[in-house]
Amino acid sequence: MPATAKRAGASGPKKAYLVLYNAASAIAWSVVFGRVAAVLYTRGAPLVPLVVNDFARNIQTVAIMEILHALTGVVPAPVFTTAMQVASRLLLVWGISFPFPALNSDIFYSSMLLAWSTTEIIRYTYFALKQFDAVPGWLHWLRYSAFTILYPIGISSEVKMIFNALLGPAGTLHEYYPLALVVILLSYIPGSVVLFSHMLSQRKKYLSPAKAKKTQ
């Protein structure tokens with residue numbers, strides 16, 4: 001999860017770091033969204049990789065920090081679900097997109113990045129503003145509701161990208177790579193349930209009538 005203090009309004013170096021990390025991440029993902037959306041609309045999916053491949057890969061790789069934040073207690077995020085989400089995305093950018101660049105011309109590559117970037121823009125902006133107790137109500141609602149649309153789009157796009165690699169060039173990387181991808185695809189069944197259930201529980205916790213009344 002993005003970096004946020006255990007309580008809004010943290011002070012000192014920790015607050016400065018959290019604000020900088022979240023704000024920079026929100027801006028970086030806004031660049032990804034802008035590039036993908038603009039090229040997809042004006043030129044089509046096949047040209048999207050030309051303007052975003054390396055940048056998106058690098059930004060997503062930085063997300064390894066999310067696991068470190070959870071492990072060290074910088075944020076109150078669950079280590080297991082954080083690691084699951086980061087690992088699945090790293091698989092896509094380094095295990096699918098990087099070795100098989102031809103697959104990135106697929107519309108599902110673009111839809112995957114649009115889902116990821118929209119999610120991260122909302123989430124990182126939320127946590128940056130939370131350090132100042134300045135989260136507007138609409139952003140709070142989006143933070144715990146947008147996933148109901150974005151998560152299915154993102155995960156279905158991820159599965160399609162892996163499936164394309166499995167049916168296509170995976171065997172050229174290593175003879176056992178297709179088998180590894182089959183195992184990974186099967187892991188998406190319980191993994192997606194775990195992650196979506198976690199997000200639903202978070203939504204119930206933070207958007208419940210009692211919580212909303214308390215924050216008014």
# chains A, B, ... in the order shown; residues from 1 in each chain; ligands from 1

$ residues_around --residues "Leu185 of chain A" --least-positions-apart "3" --cutoff "10 Å" --atoms "only C-alpha atoms" --output "ChimeraX atom specification"
/A:158-160,162-163,166,179-182,188-189,191

$ residues_around --residues "Thr82 of chain A" --least-positions-apart "5" --cutoff "9 Å" --atoms "only C-alpha atoms" --output "number ranges by chain"
A: 1, 66-67, 70, 77, 87

$ select_by_dssp --residues "segment 72-117 of chain A" --states "alpha helix (DSSP H)" --output "NGL selection string"
:A and (72 or 79-90 or 107-117)

$ closest_residue --among "A:Leu200, A:Ala28, A:Ala134, A:Ala45" --to "Ala146 of chain A" --atoms "only C-alpha atoms"
A:Leu200

$ atom_distance --atom1 "atom CA of Thr118 of chain A" --atom2 "atom CA of Val79 of chain A"
22.7 Å

$ decode --residues "segment 82-120 of chain A" --atoms "N, CA and C atoms" --output "PDB file, in the first residue's frame"
ATOM      1  N   THR A  82       0.116  -6.732   0.715  1.00  0.00           N
ATOM      2  CA  THR A  82       0.960  -5.771   0.015  1.00  0.00           C
ATOM      3  C   THR A  82       1.952  -6.495  -0.890  1.00  0.00           C
ATOM      4  N   ALA A  83       2.590  -7.526  -0.345  1.00  0.00           N
ATOM      5  CA  ALA A  83       3.568  -8.299  -1.120  1.00  0.00           C
ATOM      6  C   ALA A  83       2.905  -8.995  -2.303  1.00  0.00           C
ATOM      7  N   MET A  84       1.698  -9.509  -2.113  1.00  0.00           N
ATOM      8  CA  MET A  84       0.977 -10.177  -3.200  1.00  0.00           C
ATOM      9  C   MET A  84       0.733  -9.224  -4.365  1.00  0.00           C
ATOM     10  N   GLN A  85       0.269  -8.032  -4.043  1.00  0.00           N
ATOM     11  CA  GLN A  85      -0.064  -7.081  -5.095  1.00  0.00           C
ATOM     12  C   GLN A  85       1.184  -6.607  -5.832  1.00  0.00           C
ATOM     13  N   VAL A  86       2.228  -6.282  -5.071  1.00  0.00           N
ATOM     14  CA  VAL A  86       3.466  -5.812  -5.688  1.00  0.00           C
ATOM     15  C   VAL A  86       4.095  -6.909  -6.536  1.00  0.00           C
ATOM     16  N   ALA A  87       4.116  -8.135  -6.014  1.00  0.00           N
ATOM     17  CA  ALA A  87       4.736  -9.255  -6.736  1.00  0.00           C
ATOM     18  C   ALA A  87       4.017  -9.535  -8.047  1.00  0.00           C
ATOM     19  N   SER A  88       2.687  -9.470  -8.038  1.00  0.00           N
ATOM     20  CA  SER A  88       1.940  -9.761  -9.266  1.00  0.00           C
ATOM     21  C   SER A  88       2.239  -8.715 -10.341  1.00  0.00           C
ATOM     22  N   ARG A  89       2.384  -7.465  -9.922  1.00  0.00           N
ATOM     23  CA  ARG A  89       2.682  -6.415 -10.903  1.00  0.00           C
ATOM     24  C   ARG A  89       4.121  -6.524 -11.411  1.00  0.00           C
ATOM     25  N   LEU A  90       5.035  -6.868 -10.515  1.00  0.00           N
ATOM     26  CA  LEU A  90       6.426  -7.046 -10.951  1.00  0.00           C
ATOM     27  C   LEU A  90       6.536  -8.192 -11.947  1.00  0.00           C
ATOM     28  N   LEU A  91       5.739  -9.223 -11.739  1.00  0.00           N
ATOM     29  CA  LEU A  91       5.707 -10.321 -12.701  1.00  0.00           C
ATOM     30  C   LEU A  91       5.305  -9.809 -14.071  1.00  0.00           C
ATOM     31  N   LEU A  92       4.277  -8.947 -14.093  1.00  0.00           N
ATOM     32  CA  LEU A  92       3.795  -8.447 -15.383  1.00  0.00           C
ATOM     33  C   LEU A  92       4.827  -7.573 -16.078  1.00  0.00           C
ATOM     34  N   VAL A  93       5.474  -6.677 -15.339  1.00  0.00           N
ATOM     35  CA  VAL A  93       6.387  -5.750 -16.009  1.00  0.00           C
ATOM     36  C   VAL A  93       7.741  -6.374 -16.335  1.00  0.00           C
ATOM     37  N   TRP A  94       8.199  -7.311 -15.492  1.00  0.00           N
ATOM     38  CA  TRP A  94       9.500  -7.923 -15.722  1.00  0.00           C
ATOM     39  C   TRP A  94       9.432  -9.334 -16.297  1.00  0.00           C
ATOM     40  N   GLY A  95       8.351 -10.052 -16.004  1.00  0.00           N
ATOM     41  CA  GLY A  95       8.245 -11.432 -16.469  1.00  0.00           C
ATOM     42  C   GLY A  95       7.424 -11.620 -17.731  1.00  0.00           C
ATOM     43  N   ILE A  96       6.670 -10.592 -18.120  1.00  0.00           N
ATOM     44  CA  ILE A  96       5.840 -10.673 -19.324  1.00  0.00           C
ATOM     45  C   ILE A  96       6.174  -9.533 -20.288  1.00  0.00           C
ATOM     46  N   SER A  97       5.994  -8.299 -19.838  1.00  0.00           N
ATOM     47  CA  SER A  97       6.193  -7.140 -20.702  1.00  0.00           C
ATOM     48  C   SER A  97       7.632  -6.996 -21.187  1.00  0.00           C
ATOM     49  N   PHE A  98       8.592  -7.188 -20.284  1.00  0.00           N
ATOM     50  CA  PHE A  98       9.997  -6.975 -20.640  1.00  0.00           C
ATOM     51  C   PHE A  98      10.543  -8.035 -21.606  1.00  0.00           C
ATOM     52  N   PRO A  99      10.382  -9.331 -21.309  1.00  0.00           N
ATOM     53  CA  PRO A  99      10.958 -10.323 -22.229  1.00  0.00           C
ATOM     54  C   PRO A  99      10.161 -10.513 -23.514  1.00  0.00           C
ATOM     55  N   PHE A 100       8.883 -10.117 -23.508  1.00  0.00           N
ATOM     56  CA  PHE A 100       8.033 -10.316 -24.689  1.00  0.00           C
ATOM     57  C   PHE A 100       7.400  -8.985 -25.106  1.00  0.00           C
ATOM     58  N   PRO A 101       8.190  -8.043 -25.577  1.00  0.00           N
ATOM     59  CA  PRO A 101       7.680  -6.695 -25.895  1.00  0.00           C
ATOM     60  C   PRO A 101       6.584  -6.671 -26.951  1.00  0.00           C
ATOM     61  N   ALA A 102       6.541  -7.675 -27.819  1.00  0.00           N
ATOM     62  CA  ALA A 102       5.506  -7.689 -28.865  1.00  0.00           C
ATOM     63  C   ALA A 102       4.106  -7.778 -28.258  1.00  0.00           C
ATOM     64  N   LEU A 103       4.008  -8.363 -27.061  1.00  0.00           N
ATOM     65  CA  LEU A 103       2.699  -8.509 -26.409  1.00  0.00           C
ATOM     66  C   LEU A 103       2.149  -7.170 -25.926  1.00  0.00           C
ATOM     67  N   ASN A 104       3.017  -6.183 -25.793  1.00  0.00           N
ATOM     68  CA  ASN A 104       2.594  -4.895 -25.244  1.00  0.00           C
ATOM     69  C   ASN A 104       1.746  -4.078 -26.211  1.00  0.00           C
ATOM     70  N   SER A 105       1.661  -4.523 -27.449  1.00  0.00           N
ATOM     71  CA  SER A 105       0.816  -3.834 -28.426  1.00  0.00           C
ATOM     72  C   SER A 105      -0.656  -4.205 -28.274  1.00  0.00           C
ATOM     73  N   ASP A 106      -0.913  -5.208 -27.448  1.00  0.00           N
ATOM     74  CA  ASP A 106      -2.290  -5.654 -27.206  1.00  0.00           C
ATOM     75  C   ASP A 106      -3.052  -4.597 -26.417  1.00  0.00           C
ATOM     76  N   ILE A 107      -4.329  -4.450 -26.696  1.00  0.00           N
ATOM     77  CA  ILE A 107      -5.174  -3.485 -25.985  1.00  0.00           C
ATOM     78  C   ILE A 107      -5.207  -3.769 -24.491  1.00  0.00           C
ATOM     79  N   PHE A 108      -4.984  -5.032 -24.104  1.00  0.00           N
ATOM     80  CA  PHE A 108      -5.038  -5.383 -22.688  1.00  0.00           C
ATOM     81  C   PHE A 108      -3.833  -4.852 -21.922  1.00  0.00           C
ATOM     82  N   TYR A 109      -2.745  -4.583 -22.614  1.00  0.00           N
ATOM     83  CA  TYR A 109      -1.607  -3.922 -21.974  1.00  0.00           C
ATOM     84  C   TYR A 109      -1.988  -2.493 -21.603  1.00  0.00           C
ATOM     85  N   SER A 110      -2.655  -1.832 -22.527  1.00  0.00           N
ATOM     86  CA  SER A 110      -3.102  -0.461 -22.272  1.00  0.00           C
ATOM     87  C   SER A 110      -4.146  -0.413 -21.167  1.00  0.00           C
ATOM     88  N   SER A 111      -5.116  -1.331 -21.203  1.00  0.00           N
ATOM     89  CA  SER A 111      -6.157  -1.333 -20.174  1.00  0.00           C
ATOM     90  C   SER A 111      -5.566  -1.659 -18.803  1.00  0.00           C
ATOM     91  N   MET A 112      -4.558  -2.514 -18.761  1.00  0.00           N
ATOM     92  CA  MET A 112      -3.892  -2.841 -17.512  1.00  0.00           C
ATOM     93  C   MET A 112      -3.227  -1.597 -16.919  1.00  0.00           C
ATOM     94  N   LEU A 113      -2.498  -0.854 -17.751  1.00  0.00           N
ATOM     95  CA  LEU A 113      -1.811   0.338 -17.264  1.00  0.00           C
ATOM     96  C   LEU A 113      -2.791   1.443 -16.875  1.00  0.00           C
ATOM     97  N   LEU A 114      -3.876   1.555 -17.601  1.00  0.00           N
ATOM     98  CA  LEU A 114      -4.885   2.557 -17.245  1.00  0.00           C
ATOM     99  C   LEU A 114      -5.527   2.232 -15.900  1.00  0.00           C
ATOM    100  N   ALA A 115      -5.805   0.957 -15.655  1.00  0.00           N
ATOM    101  CA  ALA A 115      -6.387   0.550 -14.376  1.00  0.00           C
ATOM    102  C   ALA A 115      -5.392   0.771 -13.241  1.00  0.00           C
ATOM    103  N   TRP A 116      -4.143   0.350 -13.457  1.00  0.00           N
ATOM    104  CA  TRP A 116      -3.109   0.542 -12.434  1.00  0.00           C
ATOM    105  C   TRP A 116      -2.927   2.022 -12.116  1.00  0.00           C
ATOM    106  N   SER A 117      -2.746   2.827 -13.154  1.00  0.00           N
ATOM    107  CA  SER A 117      -2.425   4.244 -12.941  1.00  0.00           C
ATOM    108  C   SER A 117      -3.576   4.999 -12.292  1.00  0.00           C
ATOM    109  N   THR A 118      -4.803   4.710 -12.701  1.00  0.00           N
ATOM    110  CA  THR A 118      -5.953   5.372 -12.078  1.00  0.00           C
ATOM    111  C   THR A 118      -6.030   5.020 -10.602  1.00  0.00           C
ATOM    112  N   THR A 119      -5.835   3.745 -10.295  1.00  0.00           N
ATOM    113  CA  THR A 119      -5.839   3.303  -8.906  1.00  0.00           C
ATOM    114  C   THR A 119      -4.787   4.031  -8.089  1.00  0.00           C
ATOM    115  N   GLU A 120      -3.583   4.127  -8.641  1.00  0.00           N
ATOM    116  CA  GLU A 120      -2.479   4.710  -7.893  1.00  0.00           C
ATOM    117  C   GLU A 120      -2.591   6.226  -7.764  1.00  0.00           C
TER     118      GLU A 120
END
